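Take a look at the structure below.
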Amino acid sequence: PRRRRRRPTDGGVDAMVTSTSSTSTSSRASAASNCVLTAITRWPCATCGAALACAFALGGIGYAVAGLEINTEGWETRGTVIANAYAPLGVYRESSTNAGEPRDRRRRARRRLLARGDQPVEDCDCDSDCDSAKRRSLLQSTASTTCAVQDGSDTTFMSSSENLNVIFAAKAGVDLLSPNAMADACEFFEDAIMAASGYSMYCARDDSCTLPLPTGENTGEAWKWWGLNSATSPNAFNADDYARCQRAYSYATYFYSSKGYTSCNDYRTNSALQASLATAKASLVACATGKAADDNFVCSTDASLPYSTAALDTFFGVGGVDNLSYTRGYLPNKNKWSGGVNFWKGVSESGSASSSSEYFTVAWDFDDNSVREQVVDEKLIEDMALAASAIVVILVLMWLHTGSVLLTLGGVVQIIMAFPSALFLTGALCGISFFPFLNFIGVFVIAGIGADDCFVMYDKWMMAKCRCLPGANSRTVAERCYWDSCWAMLLTSLTTSAAFFSNAITPIAPIRVFALFMGGMVLFDYLYDITIFAALLAWQHDRVIKHDISGKNSVGSWVLDFWGSIRRHRANKNAAAAGKPAVKEGDVIDSKRDTRSIEERILGEKVFPIVNKIRWPLVLVLCGIFSGGMYGALQLDTPSDSEVQLLPETNMLTKFSYYTRSVFKSSAESQVWVDVVWGVKAVDNGDQLDPDSKTTIEYDTSLDLTSAEAQNWLKTFCTDTQSNMAYENGMNCWMTAFDSWLGVQNALIATSGQVTDFTTHCLTSAGANAAALPIAPGSFYECLYLFATATSYYNAQQPLTLGFYYDSSGTRKLKIIGFQFGTDVLWTAPVGNLETSYKAWEAYVTEQMAGAPDGLKNGYQASEAWLWMDTVTAMRDGAYVAAATTLGISAVTTLVSTQNIVIMLYSIFAILTILVVVVSSIVSLGWTLGFLEGICLVILIGLSVDYVIHIGHAYAHAARQSGATREESARHAIATMGFPVLSAAFTTLIAALFLLNATIVFFTKFGIVTVLSSIYSSFVSVVLFVALLAAAGPTNGFGDFSRLFSKKRLEKSASLY
């Protein structure tokens, strides 16, 4: 049967009429479609209520199953080969019992323990806090019972998690060991940071002493003296009993006092002190130079200026560098977790302890970055509030677009309900309890996407309303536009959600969970848009149409249709002014009215002619932008810093974190060290989507060191690896030290003739005292245990004694072996260099294990640096794969939407242009593909596809009409979809501007990416993409996929616009 086509009285029929009429006809033929339209238009309140009830139920189930605890950890790969190799070693390092259970930590500290025979590392008190222990010491003082001047004569270098760590960074050309710099550093401690108001409540103090006070000191210096006997007034002074705040432990405060001087200013004025400093510095430089060449070099330094890897920067004494560029000091503290962290956070924010020295800048925090973490927690809350205010802006713009309080509130509900529903997806369906803080930024993202969906639904509804006869009810309008709106939004929602889901391949928990959460939010937002928002739109239409017919306003009309109420008010006012009779029912809306909305007329009649006139130059611009963007995007590099930077680079706490990791000789992220491990399996059996779920160590029961072959092989392995692979012979291998220890102990026994545990347990197979390896297999573990208890050597970066256990028969054994070797790369090296080093070590260790004796064949190599490298490469590769996957999905979606191969190729080209231009822009800002940037790109991929698909879909509908020209089809595309696209882009852009004022780096970077994406996406889609279609778009069915397999005829239409 012939399909009837109704024509407006002006003789023009839009392409949308033909396409949506066809869709409506087929929809009415479907009982299911008919039921949906009935539910939306006839029972809108019930439909809306049912959708809300479903959303609340899903959210409640998700919250009940998974909870909602924000987590900022987990920024490393899980489940990869490299990550699995490091996982058990990392757990063992952080264990405090022989069972290998992880210690409860505030955060994981990156560090390398340098334990060698001539440089033992003292054990920390793990019952208190081991987060920052086992470093080289830094000026530790002992208490005095007399009120003597603090001369620092009993001090050694140390660090403690309770002490404040202060780092001095020299300005250009400055030597921190120069007299003036030493004087300023000394005064910084005593006249600035220790003089901060309230410091006396948190300083660590010497034992109490009695009067008289030392010469030059008095009770007015509250940070030095405190009357202990006054319980009611802690700052009051007692005449008999005092306790001194301990002086800072640093080169600057230690050197002058150990030389018998009493003032920091003596560095500037006393020539004898200056001469002593110069001599001591020369010895320190010689020591650093010797250590750089041979780590076992024996130094002859001045005891007042001792060599310490914790206080000397990486390049001091290397390659002729004799200026000290970085050094540190420790300020003894107490009550860290009883107000101390908040006190020092307040000091950092007030700036009362900032340095104005012309020689250096300072950065300080506790070793575990507890002040920074406190600041980050507070700033996260503040910035989340800022993101919430940006959502308010989106809602205001939605009201300006629709003029309806009801629809704005409906949009709010639609967006909000997507959040708990996505929690149901990740928590209840996927069983994920981990909730990264990134998920909260998803509220902002979904607000922009949700607004876009609302605009599409609303604008298509209003266009359909214009094309219907005056007074048409919601069912009539819905039949013309509802399914077309659903189809258009389904295409973009599926593409956007797939873009997010594709990032779930990245084996980094926060990104993987965020990808799943965001993909779920997009899908649920779509479902709530076509139910909740559509039902409210239908309900509002039936109320507003009565006012359209009568021409009268009411309170309800102003709430539901503000802009329409203004038009009615003006029409009535103009009629009254002209002396015309009162408007009668049915007269306000004329049957000869224009069937196009104002926005359609502006874009179709004003904007498009300009675009069409210069379409070929615009096509060249598109190609040029793509080429330049691609070149810039290819310059995107990976970062050299493993920290997830949350505070700006200029922030003192960010600088402190970088300095502690990277600039000192003892820094964890200076030289890369490799662990070769036996006894544990390279598996991660924890929940890889939960950073708090660590692996349970699976021990390799085949480990056996007792045979003579195994002992000799291990000793040879250490020496060969040191010679062939280790950089500058850097090695921490207790096996060679054990061999030397046997010789020393045997010589002592031979001299003394005493019978000891050594003579009982350290025997050869012939029963003689062992002077070297190998030892009799039955004596090996007992003798090794004697060595472990007599020395301070480390095994897998834990005390060697921790690796022993008793088997079921009561025999002592060793469950894990770990040796360390230095490499020739730094943590800050390019990822390519790290990958080259990793592959070399992997090949070497694999070859060695192939020739190892039984009991030692299962060894492997691991390093925290490799884990960092693996994380960066996973982020990089994941971004590339996600981008490629998204483009592929976009191609399929566009092909299904347009059924035209040419439009699909054009769309992919436009989407790729948006991606590369945004990436090129952030490269020009100096960004690298780090964690935060990778997340921003995840979001960018999701935001870049919608607008192009909308325009392409509209063009395809028009081009499918018989006789349609490129110009007519392109005009239709920009007229019908240009305003929704521009509205969504503008809304997202304005809201994103708020995030540029955030403190947390992720929020500012996300704001920048969103601003760039909004600008580029709208310009490319509405201008350049439309110009490309107007210049070379397919017509007359060319490229139509559906016509390749059938002889489907083109649809006929009298007019397209």
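So you can find residues: chains in the structure tokens are A, B, ... in the order shown, residues in each start at 1, and ligands are numbered from 1 in order.
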task = as a VMD selection string, please: all residues of region 363-470 of chain A that backbone DSSP puts in strand (DSSP E).
result = chain A and resid 363 to 366 435 to 436
query = Quick one, how far is CA of Cys54 (chain A) from CA of Leu429 (chain A)?
reply =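 CA of Leu429 (chain A) lies at a distance of 15.5 Å from CA of Cys54 (chain A).
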remark   = Closest of A:Pro609, A:Gly952, A:Gly519, A:Gly471 to Ile549 (chain A), counting only C-alpha atoms, is A:Gly471
query = So which one's closest to Phe437 (chain A), A:Tyr254, A:Tyr906, A:Trp539, A:Phe517? Using only C-alpha atoms, please.
reply =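 Nearest to Phe437 (chain A): A:Phe517.
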key: Residue contacts of Pro306 (chain A) (8 Å, only C-alpha atoms) excluding same-chain residues fewer than 4 positions away, as a VMD selection string   = chain A and resid 284 301 to 302
inquiry  = Need to verify the contact set: region 967-980 of chain A, 6 Å, only C-alpha atoms, exclusion of same-chain residues closer than 6 positions in sequence. Can you return it as JSON, numbers by chain?
reply    = {"A": [455, 456, 600, 603, 604, 951, 954, 955, 958, 959, 1030]}
Convert the current residue selection to file output with N, CA, C and O atoms, as a PDB file, in the first residue's frame.
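Output file result12.pdb follows:
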```pdb
ATOM      1  N   PHE A 455      19.057  17.728  25.677  1.00  0.00           N
ATOM      2  CA  PHE A 455      18.911  18.696  24.590  1.00  0.00           C
ATOM      3  C   PHE A 455      18.419  18.019  23.316  1.00  0.00           C
ATOM      4  O   PHE A 455      17.578  18.563  22.584  1.00  0.00           O
ATOM      5  N   VAL A 456      18.971  16.822  23.024  1.00  0.00           N
ATOM      6  CA  VAL A 456      18.538  16.107  21.819  1.00  0.00           C
ATOM      7  C   VAL A 456      17.056  15.756  21.913  1.00  0.00           C
ATOM      8  O   VAL A 456      16.274  15.990  20.978  1.00  0.00           O
ATOM      9  N   GLU A 600      16.499  26.363  13.957  1.00  0.00           N
ATOM     10  CA  GLU A 600      16.672  25.766  12.628  1.00  0.00           C
ATOM     11  C   GLU A 600      16.838  26.841  11.571  1.00  0.00           C
ATOM     12  O   GLU A 600      17.681  26.723  10.666  1.00  0.00           O
ATOM     13  N   LEU A 603      20.422  28.597  11.873  1.00  0.00           N
ATOM     14  CA  LEU A 603      21.532  27.765  11.407  1.00  0.00           C
ATOM     15  C   LEU A 603      21.378  27.412   9.927  1.00  0.00           C
ATOM     16  O   LEU A 603      22.375  27.342   9.192  1.00  0.00           O
ATOM     17  N   GLY A 604      20.149  27.158   9.492  1.00  0.00           N
ATOM     18  CA  GLY A 604      19.940  26.750   8.108  1.00  0.00           C
ATOM     19  C   GLY A 604      19.995  27.903   7.122  1.00  0.00           C
ATOM     20  O   GLY A 604      20.465  27.724   5.981  1.00  0.00           O
ATOM     21  N   ILE A 951      25.650  14.719  13.732  1.00  0.00           N
ATOM     22  CA  ILE A 951      25.622  15.426  12.445  1.00  0.00           C
ATOM     23  C   ILE A 951      25.586  14.423  11.288  1.00  0.00           C
ATOM     24  O   ILE A 951      24.821  14.576  10.323  1.00  0.00           O
ATOM     25  N   ALA A 954      22.115  12.868  10.898  1.00  0.00           N
ATOM     26  CA  ALA A 954      21.141  13.786  10.294  1.00  0.00           C
ATOM     27  C   ALA A 954      21.381  13.928   8.791  1.00  0.00           C
ATOM     28  O   ALA A 954      20.430  13.959   7.995  1.00  0.00           O
ATOM     29  N   TYR A 955      22.638  14.028   8.374  1.00  0.00           N
ATOM     30  CA  TYR A 955      22.942  14.134   6.944  1.00  0.00           C
ATOM     31  C   TYR A 955      22.479  12.887   6.197  1.00  0.00           C
ATOM     32  O   TYR A 955      21.916  12.974   5.095  1.00  0.00           O
ATOM     33  N   ALA A 958      18.820  12.822   5.416  1.00  0.00           N
ATOM     34  CA  ALA A 958      18.447  13.726   4.330  1.00  0.00           C
ATOM     35  C   ALA A 958      18.934  13.206   2.981  1.00  0.00           C
ATOM     36  O   ALA A 958      18.213  13.259   1.972  1.00  0.00           O
ATOM     37  N   ALA A 959      20.181  12.691   2.953  1.00  0.00           N
ATOM     38  CA  ALA A 959      20.766  12.241   1.692  1.00  0.00           C
ATOM     39  C   ALA A 959      20.079  11.014   1.131  1.00  0.00           C
ATOM     40  O   ALA A 959      20.236  10.694  -0.056  1.00  0.00           O
ATOM     41  N   ALA A1030      29.139  19.046   2.730  1.00  0.00           N
ATOM     42  CA  ALA A1030      28.605  19.913   1.678  1.00  0.00           C
ATOM     43  C   ALA A1030      29.473  19.883   0.431  1.00  0.00           C
ATOM     44  O   ALA A1030      28.979  20.058  -0.689  1.00  0.00           O
TER      45      ALA A1030
END
```
